[in-house]
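Source file work-v9.cif; content: mmCIF, N, CA and C atoms and all ligand atoms.
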data_final
loop_
_atom_site.label_atom_id
_atom_site.label_comp_id
_atom_site.auth_asym_id
_atom_site.auth_seq_id
_atom_site.Cartn_x
_atom_site.Cartn_y
_atom_site.Cartn_z
N MET A 1 0.67 -24.59 5.13
CA MET A 1 -0.23 -23.76 4.36
C MET A 1 0.58 -23.01 3.31
N THR A 2 0.05 -23.00 2.11
CA THR A 2 0.71 -22.26 1.03
C THR A 2 -0.30 -21.33 0.38
N PHE A 3 0.21 -20.27 -0.15
CA PHE A 3 -0.61 -19.30 -0.85
C PHE A 3 -0.13 -19.19 -2.29
N THR A 4 -1.05 -19.01 -3.20
CA THR A 4 -0.68 -18.77 -4.60
C THR A 4 -1.40 -17.52 -5.08
N ARG A 5 -0.83 -16.91 -6.07
CA ARG A 5 -1.45 -15.72 -6.64
C ARG A 5 -2.74 -16.10 -7.36
N LEU A 6 -3.70 -15.18 -7.37
CA LEU A 6 -4.91 -15.38 -8.14
C LEU A 6 -4.54 -15.43 -9.62
N PRO A 7 -5.31 -16.15 -10.41
CA PRO A 7 -5.01 -16.18 -11.84
C PRO A 7 -5.35 -14.86 -12.51
N GLU A 8 -4.69 -14.62 -13.62
CA GLU A 8 -4.97 -13.42 -14.40
C GLU A 8 -6.45 -13.39 -14.77
N GLY A 9 -7.03 -12.22 -14.67
CA GLY A 9 -8.44 -12.06 -14.98
C GLY A 9 -9.35 -12.30 -13.79
N ARG A 10 -8.80 -12.84 -12.71
CA ARG A 10 -9.59 -13.07 -11.49
C ARG A 10 -8.92 -12.37 -10.31
N GLY A 11 -8.30 -11.24 -10.58
CA GLY A 11 -7.67 -10.45 -9.52
C GLY A 11 -6.17 -10.59 -9.47
N GLY A 12 -5.62 -11.53 -10.20
CA GLY A 12 -4.18 -11.73 -10.19
C GLY A 12 -3.48 -10.84 -11.19
N PRO A 13 -2.17 -10.83 -11.15
CA PRO A 13 -1.40 -9.99 -12.06
C PRO A 13 -1.53 -10.48 -13.50
N SER A 14 -1.39 -9.55 -14.43
CA SER A 14 -1.45 -9.96 -15.83
C SER A 14 -0.21 -10.78 -16.17
N ALA A 15 -0.36 -11.59 -17.17
CA ALA A 15 0.73 -12.49 -17.55
C ALA A 15 1.97 -11.73 -17.98
N ASP A 16 1.76 -10.50 -18.45
CA ASP A 16 2.92 -9.73 -18.90
C ASP A 16 3.43 -8.76 -17.84
N ALA A 17 2.93 -8.87 -16.60
CA ALA A 17 3.44 -8.00 -15.53
C ALA A 17 4.91 -8.32 -15.30
N PRO A 18 5.74 -7.29 -15.30
CA PRO A 18 7.16 -7.55 -15.10
C PRO A 18 7.44 -8.14 -13.71
N THR A 19 8.40 -9.00 -13.64
CA THR A 19 8.82 -9.52 -12.34
C THR A 19 9.98 -8.67 -11.84
N LEU A 20 10.04 -8.57 -10.54
CA LEU A 20 11.13 -7.83 -9.91
C LEU A 20 11.50 -8.56 -8.63
N SER A 21 12.53 -8.08 -8.00
CA SER A 21 13.02 -8.76 -6.80
C SER A 21 13.01 -7.82 -5.61
N ILE A 22 12.49 -8.32 -4.50
CA ILE A 22 12.59 -7.60 -3.23
C ILE A 22 13.38 -8.49 -2.29
N GLU A 23 13.79 -7.94 -1.18
CA GLU A 23 14.57 -8.71 -0.20
C GLU A 23 13.76 -8.83 1.08
N VAL A 24 13.59 -10.04 1.56
CA VAL A 24 12.85 -10.28 2.81
C VAL A 24 13.79 -11.00 3.77
N ASP A 25 14.14 -10.34 4.82
CA ASP A 25 15.08 -10.90 5.81
C ASP A 25 16.34 -11.44 5.14
N GLY A 26 16.82 -10.68 4.15
CA GLY A 26 18.07 -11.03 3.49
C GLY A 26 17.93 -12.02 2.36
N ARG A 27 16.70 -12.48 2.11
CA ARG A 27 16.46 -13.48 1.05
C ARG A 27 15.77 -12.81 -0.13
N ALA A 28 16.21 -13.11 -1.33
CA ALA A 28 15.57 -12.55 -2.52
C ALA A 28 14.21 -13.20 -2.73
N VAL A 29 13.20 -12.37 -2.95
CA VAL A 29 11.84 -12.84 -3.18
C VAL A 29 11.35 -12.24 -4.49
N GLU A 30 10.82 -13.08 -5.35
CA GLU A 30 10.29 -12.61 -6.62
C GLU A 30 8.91 -12.00 -6.41
N ALA A 31 8.69 -10.87 -7.04
CA ALA A 31 7.40 -10.19 -6.96
C ALA A 31 6.98 -9.80 -8.37
N ARG A 32 5.70 -9.47 -8.50
CA ARG A 32 5.18 -9.01 -9.79
C ARG A 32 4.77 -7.55 -9.65
N ALA A 33 5.10 -6.78 -10.62
CA ALA A 33 4.74 -5.36 -10.59
C ALA A 33 3.24 -5.22 -10.37
N GLY A 34 2.85 -4.33 -9.48
CA GLY A 34 1.45 -4.07 -9.23
C GLY A 34 0.88 -4.79 -8.03
N GLU A 35 1.62 -5.74 -7.47
CA GLU A 35 1.10 -6.43 -6.29
C GLU A 35 1.69 -5.82 -5.03
N SER A 36 1.11 -6.16 -3.90
CA SER A 36 1.59 -5.61 -2.64
C SER A 36 2.76 -6.45 -2.10
N VAL A 37 3.46 -5.87 -1.17
CA VAL A 37 4.55 -6.59 -0.51
C VAL A 37 4.00 -7.83 0.19
N ALA A 38 2.82 -7.72 0.78
CA ALA A 38 2.23 -8.87 1.48
C ALA A 38 1.97 -10.02 0.52
N VAL A 39 1.43 -9.72 -0.66
CA VAL A 39 1.17 -10.78 -1.64
C VAL A 39 2.47 -11.46 -2.05
N ALA A 40 3.49 -10.67 -2.32
CA ALA A 40 4.77 -11.26 -2.73
C ALA A 40 5.33 -12.14 -1.62
N MET A 41 5.22 -11.69 -0.37
CA MET A 41 5.75 -12.47 0.75
C MET A 41 4.96 -13.76 0.94
N LEU A 42 3.64 -13.68 0.89
CA LEU A 42 2.82 -14.89 1.08
C LEU A 42 3.08 -15.88 -0.05
N ALA A 43 3.16 -15.38 -1.29
CA ALA A 43 3.42 -16.27 -2.42
C ALA A 43 4.78 -16.94 -2.31
N ALA A 44 5.70 -16.29 -1.59
CA ALA A 44 7.04 -16.85 -1.41
C ALA A 44 7.11 -17.77 -0.19
N GLY A 45 5.98 -17.92 0.51
CA GLY A 45 5.95 -18.83 1.64
C GLY A 45 6.28 -18.21 2.98
N VAL A 46 6.33 -16.88 3.04
CA VAL A 46 6.58 -16.21 4.32
C VAL A 46 5.26 -16.19 5.09
N LEU A 47 5.21 -16.85 6.21
CA LEU A 47 3.97 -16.95 6.97
C LEU A 47 4.03 -16.24 8.32
N ARG A 48 5.21 -15.75 8.71
CA ARG A 48 5.31 -14.97 9.96
C ARG A 48 5.84 -13.60 9.59
N PHE A 49 4.97 -12.62 9.71
CA PHE A 49 5.36 -11.25 9.39
C PHE A 49 5.92 -10.54 10.62
N ARG A 50 5.42 -10.89 11.76
CA ARG A 50 5.88 -10.32 13.03
C ARG A 50 5.41 -11.24 14.13
N THR A 51 5.73 -10.89 15.37
CA THR A 51 5.20 -11.64 16.50
C THR A 51 4.39 -10.70 17.36
N ALA A 52 3.43 -11.25 18.06
CA ALA A 52 2.61 -10.45 18.96
C ALA A 52 3.48 -9.96 20.11
N PRO A 53 3.39 -8.68 20.46
CA PRO A 53 4.27 -8.15 21.49
C PRO A 53 4.11 -8.83 22.85
N ALA A 54 2.90 -9.18 23.22
CA ALA A 54 2.68 -9.74 24.55
C ALA A 54 2.96 -11.24 24.60
N SER A 55 2.43 -12.00 23.65
CA SER A 55 2.54 -13.46 23.72
C SER A 55 3.69 -14.02 22.90
N GLY A 56 4.17 -13.27 21.93
CA GLY A 56 5.19 -13.79 21.03
C GLY A 56 4.65 -14.68 19.93
N ALA A 57 3.33 -14.77 19.83
CA ALA A 57 2.71 -15.61 18.81
C ALA A 57 2.96 -15.04 17.41
N PRO A 58 3.16 -15.91 16.42
CA PRO A 58 3.38 -15.42 15.06
C PRO A 58 2.12 -14.75 14.51
N ARG A 59 2.33 -13.69 13.77
CA ARG A 59 1.22 -12.95 13.17
C ARG A 59 1.44 -12.85 11.67
N ALA A 60 0.35 -12.82 10.92
CA ALA A 60 0.40 -12.74 9.46
C ALA A 60 -0.80 -11.93 8.99
N PRO A 61 -0.79 -11.51 7.74
CA PRO A 61 -1.90 -10.71 7.23
C PRO A 61 -3.25 -11.39 7.47
N PHE A 62 -4.24 -10.55 7.74
CA PHE A 62 -5.58 -11.06 7.98
C PHE A 62 -6.57 -10.42 7.00
N CYS A 63 -6.59 -9.10 6.95
CA CYS A 63 -7.63 -8.44 6.15
C CYS A 63 -7.18 -8.13 4.71
N MET A 64 -5.91 -7.91 4.52
CA MET A 64 -5.34 -7.54 3.22
C MET A 64 -5.95 -6.26 2.65
N MET A 65 -6.46 -5.40 3.53
CA MET A 65 -7.02 -4.13 3.04
C MET A 65 -6.74 -2.97 3.99
N GLY A 66 -5.72 -3.10 4.82
CA GLY A 66 -5.28 -1.97 5.63
C GLY A 66 -6.02 -1.74 6.93
N ALA A 67 -6.82 -2.68 7.37
CA ALA A 67 -7.63 -2.45 8.56
C ALA A 67 -7.07 -3.08 9.83
N CYS A 68 -6.38 -4.20 9.75
CA CYS A 68 -6.05 -4.96 10.96
C CYS A 68 -4.62 -4.73 11.47
N TYR A 69 -3.73 -4.28 10.66
CA TYR A 69 -2.33 -4.04 11.02
C TYR A 69 -1.58 -5.31 11.41
N GLU A 70 -2.09 -6.46 11.06
CA GLU A 70 -1.38 -7.71 11.36
C GLU A 70 -0.17 -7.91 10.45
N CYS A 71 -0.10 -7.14 9.39
CA CYS A 71 0.97 -7.32 8.41
C CYS A 71 2.11 -6.33 8.59
N LEU A 72 2.16 -5.64 9.73
CA LEU A 72 3.22 -4.63 9.90
C LEU A 72 4.60 -5.27 9.83
N VAL A 73 5.42 -4.69 8.99
CA VAL A 73 6.82 -5.10 8.87
C VAL A 73 7.64 -3.83 8.67
N GLU A 74 8.93 -3.99 8.69
CA GLU A 74 9.79 -2.85 8.39
C GLU A 74 10.15 -2.91 6.91
N ILE A 75 9.82 -1.84 6.19
CA ILE A 75 10.12 -1.76 4.76
C ILE A 75 11.01 -0.55 4.53
N ASP A 76 12.19 -0.82 4.05
CA ASP A 76 13.18 0.24 3.85
C ASP A 76 13.31 1.13 5.08
N GLY A 77 13.33 0.49 6.25
CA GLY A 77 13.58 1.21 7.50
C GLY A 77 12.39 1.85 8.15
N ARG A 78 11.21 1.70 7.55
CA ARG A 78 10.00 2.29 8.14
C ARG A 78 8.97 1.21 8.39
N ARG A 79 8.31 1.29 9.53
CA ARG A 79 7.25 0.34 9.86
C ARG A 79 6.04 0.64 8.98
N GLN A 80 5.62 -0.34 8.22
CA GLN A 80 4.52 -0.13 7.28
C GLN A 80 3.67 -1.39 7.16
N GLN A 81 2.45 -1.19 6.66
CA GLN A 81 1.56 -2.31 6.40
C GLN A 81 1.98 -2.93 5.06
N ALA A 82 2.36 -4.18 5.10
CA ALA A 82 2.80 -4.85 3.87
C ALA A 82 1.68 -4.97 2.85
N CYS A 83 0.44 -5.07 3.31
CA CYS A 83 -0.67 -5.23 2.37
C CYS A 83 -1.00 -3.95 1.65
N MET A 84 -0.55 -2.83 2.16
CA MET A 84 -0.87 -1.54 1.55
C MET A 84 0.33 -0.93 0.84
N THR A 85 1.42 -1.65 0.80
CA THR A 85 2.64 -1.13 0.19
C THR A 85 2.91 -1.85 -1.12
N PRO A 86 2.89 -1.14 -2.23
CA PRO A 86 3.20 -1.80 -3.51
C PRO A 86 4.67 -2.19 -3.59
N VAL A 87 4.92 -3.28 -4.26
CA VAL A 87 6.31 -3.70 -4.42
C VAL A 87 7.05 -2.74 -5.35
N ALA A 88 8.33 -2.65 -5.12
CA ALA A 88 9.23 -1.89 -6.00
C ALA A 88 10.56 -2.63 -5.96
N ALA A 89 11.24 -2.60 -7.06
CA ALA A 89 12.52 -3.32 -7.14
C ALA A 89 13.45 -2.88 -6.03
N GLY A 90 14.01 -3.86 -5.34
CA GLY A 90 15.02 -3.59 -4.33
C GLY A 90 14.51 -3.25 -2.95
N LEU A 91 13.17 -3.27 -2.75
CA LEU A 91 12.66 -3.02 -1.40
C LEU A 91 13.30 -3.99 -0.41
N ARG A 92 13.61 -3.50 0.77
CA ARG A 92 14.18 -4.36 1.80
C ARG A 92 13.19 -4.48 2.95
N VAL A 93 12.76 -5.70 3.19
CA VAL A 93 11.74 -5.97 4.21
C VAL A 93 12.39 -6.75 5.35
N VAL A 94 12.07 -6.33 6.55
CA VAL A 94 12.51 -7.06 7.73
C VAL A 94 11.27 -7.44 8.52
N THR A 95 11.09 -8.72 8.76
CA THR A 95 9.92 -9.17 9.51
C THR A 95 10.21 -9.03 11.01
N GLY A 96 9.14 -9.13 11.77
CA GLY A 96 9.31 -9.09 13.22
C GLY A 96 9.48 -7.71 13.78
N GLN A 97 9.33 -6.69 12.94
CA GLN A 97 9.51 -5.32 13.39
C GLN A 97 8.20 -4.54 13.36
N GLY A 98 7.09 -5.27 13.33
CA GLY A 98 5.81 -4.60 13.15
C GLY A 98 5.37 -3.74 14.30
N LEU A 99 5.55 -4.19 15.48
CA LEU A 99 5.13 -3.42 16.64
C LEU A 99 6.26 -3.41 17.65
N PRO A 100 6.42 -2.31 18.34
CA PRO A 100 7.46 -2.29 19.38
C PRO A 100 7.05 -3.19 20.54
N ALA A 101 8.03 -3.67 21.25
CA ALA A 101 7.74 -4.50 22.41
C ALA A 101 7.00 -3.66 23.46
N LEU A 102 6.07 -4.30 24.10
CA LEU A 102 5.36 -3.61 25.16
C LEU A 102 6.26 -3.48 26.38
N ARG A 103 6.17 -2.36 27.02
CA ARG A 103 6.93 -2.20 28.26
C ARG A 103 6.07 -2.64 29.42
N ARG A 104 6.71 -3.22 30.37
CA ARG A 104 5.96 -3.58 31.58
C ARG A 104 5.59 -2.30 32.30
N ALA A 105 4.41 -2.32 32.87
CA ALA A 105 3.99 -1.15 33.65
C ALA A 105 4.93 -1.03 34.84
N ASP A 106 5.51 0.14 35.00
CA ASP A 106 6.44 0.32 36.11
C ASP A 106 5.80 1.09 37.26
N THR A 107 4.52 1.29 37.16
CA THR A 107 3.82 1.92 38.27
C THR A 107 2.63 1.05 38.64
N ALA A 108 2.36 1.01 39.88
CA ALA A 108 1.23 0.22 40.35
C ALA A 108 -0.06 0.98 40.08
N VAL A 109 -1.13 0.25 40.02
CA VAL A 109 -2.45 0.88 39.86
C VAL A 109 -2.71 1.74 41.09
N PRO A 110 -3.04 3.00 40.89
CA PRO A 110 -3.24 3.86 42.07
C PRO A 110 -4.43 3.39 42.89
N PRO A 111 -4.33 3.53 44.19
CA PRO A 111 -5.44 3.10 45.04
C PRO A 111 -6.67 3.95 44.78
N ARG A 112 -7.80 3.33 44.97
CA ARG A 112 -9.06 4.07 44.79
C ARG A 112 -9.25 5.03 45.95
N PRO A 113 -9.78 6.20 45.63
CA PRO A 113 -10.01 7.16 46.73
C PRO A 113 -11.09 6.68 47.68
S1 LIG A 201 -3.41 -7.47 6.50
FE1 LIG A 201 -4.68 -6.17 7.65
S2 LIG A 201 -3.68 -4.26 7.58
FE2 LIG A 201 -2.49 -5.52 6.31
#
Would you mind writing the file's structure down as structure tokens?
Ligand code: FES
Amino acid sequence: MTFTRLPEGRGGPSADAPTLSIEVDGRAVEARAGESVAVAMLAAGVLRFRTAPASGAPRAPFCMMGACYECLVEIDGRRQQACMTPVAAGLRVVTGQGLPALRRADTAVPPRP
């Protein structure tokens, strides 16, 4: 599966939008000013933003409007929604850091009275 940016005039960046570079897991990714980190990552072919804490299944953006939190990544050291974070030159993104690992319950379910 591949994603491409919308064309100019249909929601995509203008043709004269400056390009800049962000870093995703140590790799340089080209972005356009005004787009979100999620858009830049998807356009660059990044399809796993994090893994599900319980199953380990790959997760990627779903809503692209800040509602589902499937796009959580670490951006400049802080856990953030990639779809709600505008790109800026030099941003450093680390995937797989969206949610902390779940801890196993270390107490048994209390007996019913
Ligand atoms: S894709 Fe749903 S919150 Fe970012």
So which residues fall inside 6.5 Å of (8.5, -11.4, -4.1) if we count only N, CA and C atoms? Mind giving them as a PyMOL selection string?
chain A and resi 20-22+28-32+39-41+44
Secondary structure check, strand (DSSP E or B) residues of chain A, as a PyMOL selection string:
chain A and resi 8+12+19-24+27-32+36+50-51+58-59+72-75+78-81+86+92-94
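When atom CA of Ala52 of chain A is paired with atom CA of Thr85 of chain A, their separation reads 21.0 Å.
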If you count all atoms listed in the file, which residues end up within 8 Å of ligand LIG 201 (chain A), as a VMD selection string?
chain A and resid 38 60 to 72 80 to 85
Could you work out an axis-aligned bounding box for all listed atoms of segment 10-20 of chain A, with 3 Å added on each of the six sides, and give its centre and edge lengths in Å to one decimal, as JSON?
{"center_x": 1.0, "center_y": -10.2, "center_z": -13.8, "size_x": 27.1, "size_y": 11.8, "size_z": 16.3}
Pairwise distance for atom C of Thr2 of chain A and atom N of Leu47 of chain A, rounded to one decimal in Å:
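Separation of atom C of Thr2 of chain A and atom N of Leu47 of chain A: 9.2 Å.
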Identify the residues within 8 Å of coordinate (1.2, -6.2, -15.2) (same frame as the file), considering all atoms listed in the file, and give the answer as a list in words.
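Answer for this query, in the requested form: Gly12, Pro13, Ser14, Ala15, Asp16, Ala17, Pro18, Thr19, Arg32, Ala33, Gly34 and Glu35 of chain A.
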Writer output for current selection, N, CA and C atoms, as an mmCIF file, keeping the file's coordinate frame:
data_model
loop_
_atom_site.group_PDB
_atom_site.id
_atom_site.type_symbol
_atom_site.label_atom_id
_atom_site.label_comp_id
_atom_site.auth_asym_id
_atom_site.auth_seq_id
_atom_site.Cartn_x
_atom_site.Cartn_y
_atom_site.Cartn_z
ATOM 1 N N GLY A 12 -5.620 -11.530 -10.200
ATOM 2 C CA GLY A 12 -4.180 -11.730 -10.190
ATOM 3 C C GLY A 12 -3.480 -10.840 -11.190
ATOM 4 N N PRO A 13 -2.170 -10.830 -11.150
ATOM 5 C CA PRO A 13 -1.400 -9.990 -12.060
ATOM 6 C C PRO A 13 -1.530 -10.480 -13.500
ATOM 7 N N SER A 14 -1.390 -9.550 -14.430
ATOM 8 C CA SER A 14 -1.450 -9.960 -15.830
ATOM 9 C C SER A 14 -0.210 -10.780 -16.170
ATOM 10 N N ALA A 15 -0.360 -11.590 -17.170
ATOM 11 C CA ALA A 15 0.730 -12.490 -17.550
ATOM 12 C C ALA A 15 1.970 -11.730 -17.980
ATOM 13 N N ASP A 16 1.760 -10.500 -18.450
ATOM 14 C CA ASP A 16 2.920 -9.730 -18.900
ATOM 15 C C ASP A 16 3.430 -8.760 -17.840
ATOM 16 N N ALA A 17 2.930 -8.870 -16.600
ATOM 17 C CA ALA A 17 3.440 -8.000 -15.530
ATOM 18 C C ALA A 17 4.910 -8.320 -15.300
ATOM 19 N N PRO A 18 5.740 -7.290 -15.300
ATOM 20 C CA PRO A 18 7.160 -7.550 -15.100
ATOM 21 C C PRO A 18 7.440 -8.140 -13.710
ATOM 22 N N THR A 19 8.400 -9.000 -13.640
ATOM 23 C CA THR A 19 8.820 -9.520 -12.340
ATOM 24 C C THR A 19 9.980 -8.670 -11.840
ATOM 25 N N ARG A 32 5.700 -9.470 -8.500
ATOM 26 C CA ARG A 32 5.180 -9.010 -9.790
ATOM 27 C C ARG A 32 4.770 -7.550 -9.650
ATOM 28 N N ALA A 33 5.100 -6.780 -10.620
ATOM 29 C CA ALA A 33 4.740 -5.360 -10.590
ATOM 30 C C ALA A 33 3.240 -5.220 -10.370
ATOM 31 N N GLY A 34 2.850 -4.330 -9.480
ATOM 32 C CA GLY A 34 1.450 -4.070 -9.230
ATOM 33 C C GLY A 34 0.880 -4.790 -8.030
ATOM 34 N N GLU A 35 1.620 -5.740 -7.470
ATOM 35 C CA GLU A 35 1.100 -6.430 -6.290
ATOM 36 C C GLU A 35 1.690 -5.820 -5.030
#
Quick one: distance from atom CA of Pro7 of chain A to atom CA of Glu23 of chain A in Å, one decimal?
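Separation between atom CA of Pro7 of chain A and atom CA of Glu23 of chain A: 24.0 Å.
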DSSP on the backbone: what in chain A comes out alpha helix (DSSP H), as a VMD selection string?
chain A and resid 37 to 43
Non-local contacts of Thr95 of chain A (7 Å; only C-alpha atoms; under 3 positions in same chain excluded) as number ranges by chain:
A: 25, 49-50, 73-74
Would you kindly return, as a list in words, each protein, DNA or RNA residue with an atom no farther than 8 Å from any atom of Leu42 of chain A, considering all atoms listed in the file and excluding same-chain residues fewer than 6 positions away?
Thr2, Phe3, Thr4, Arg5 and Ser36 of chain A
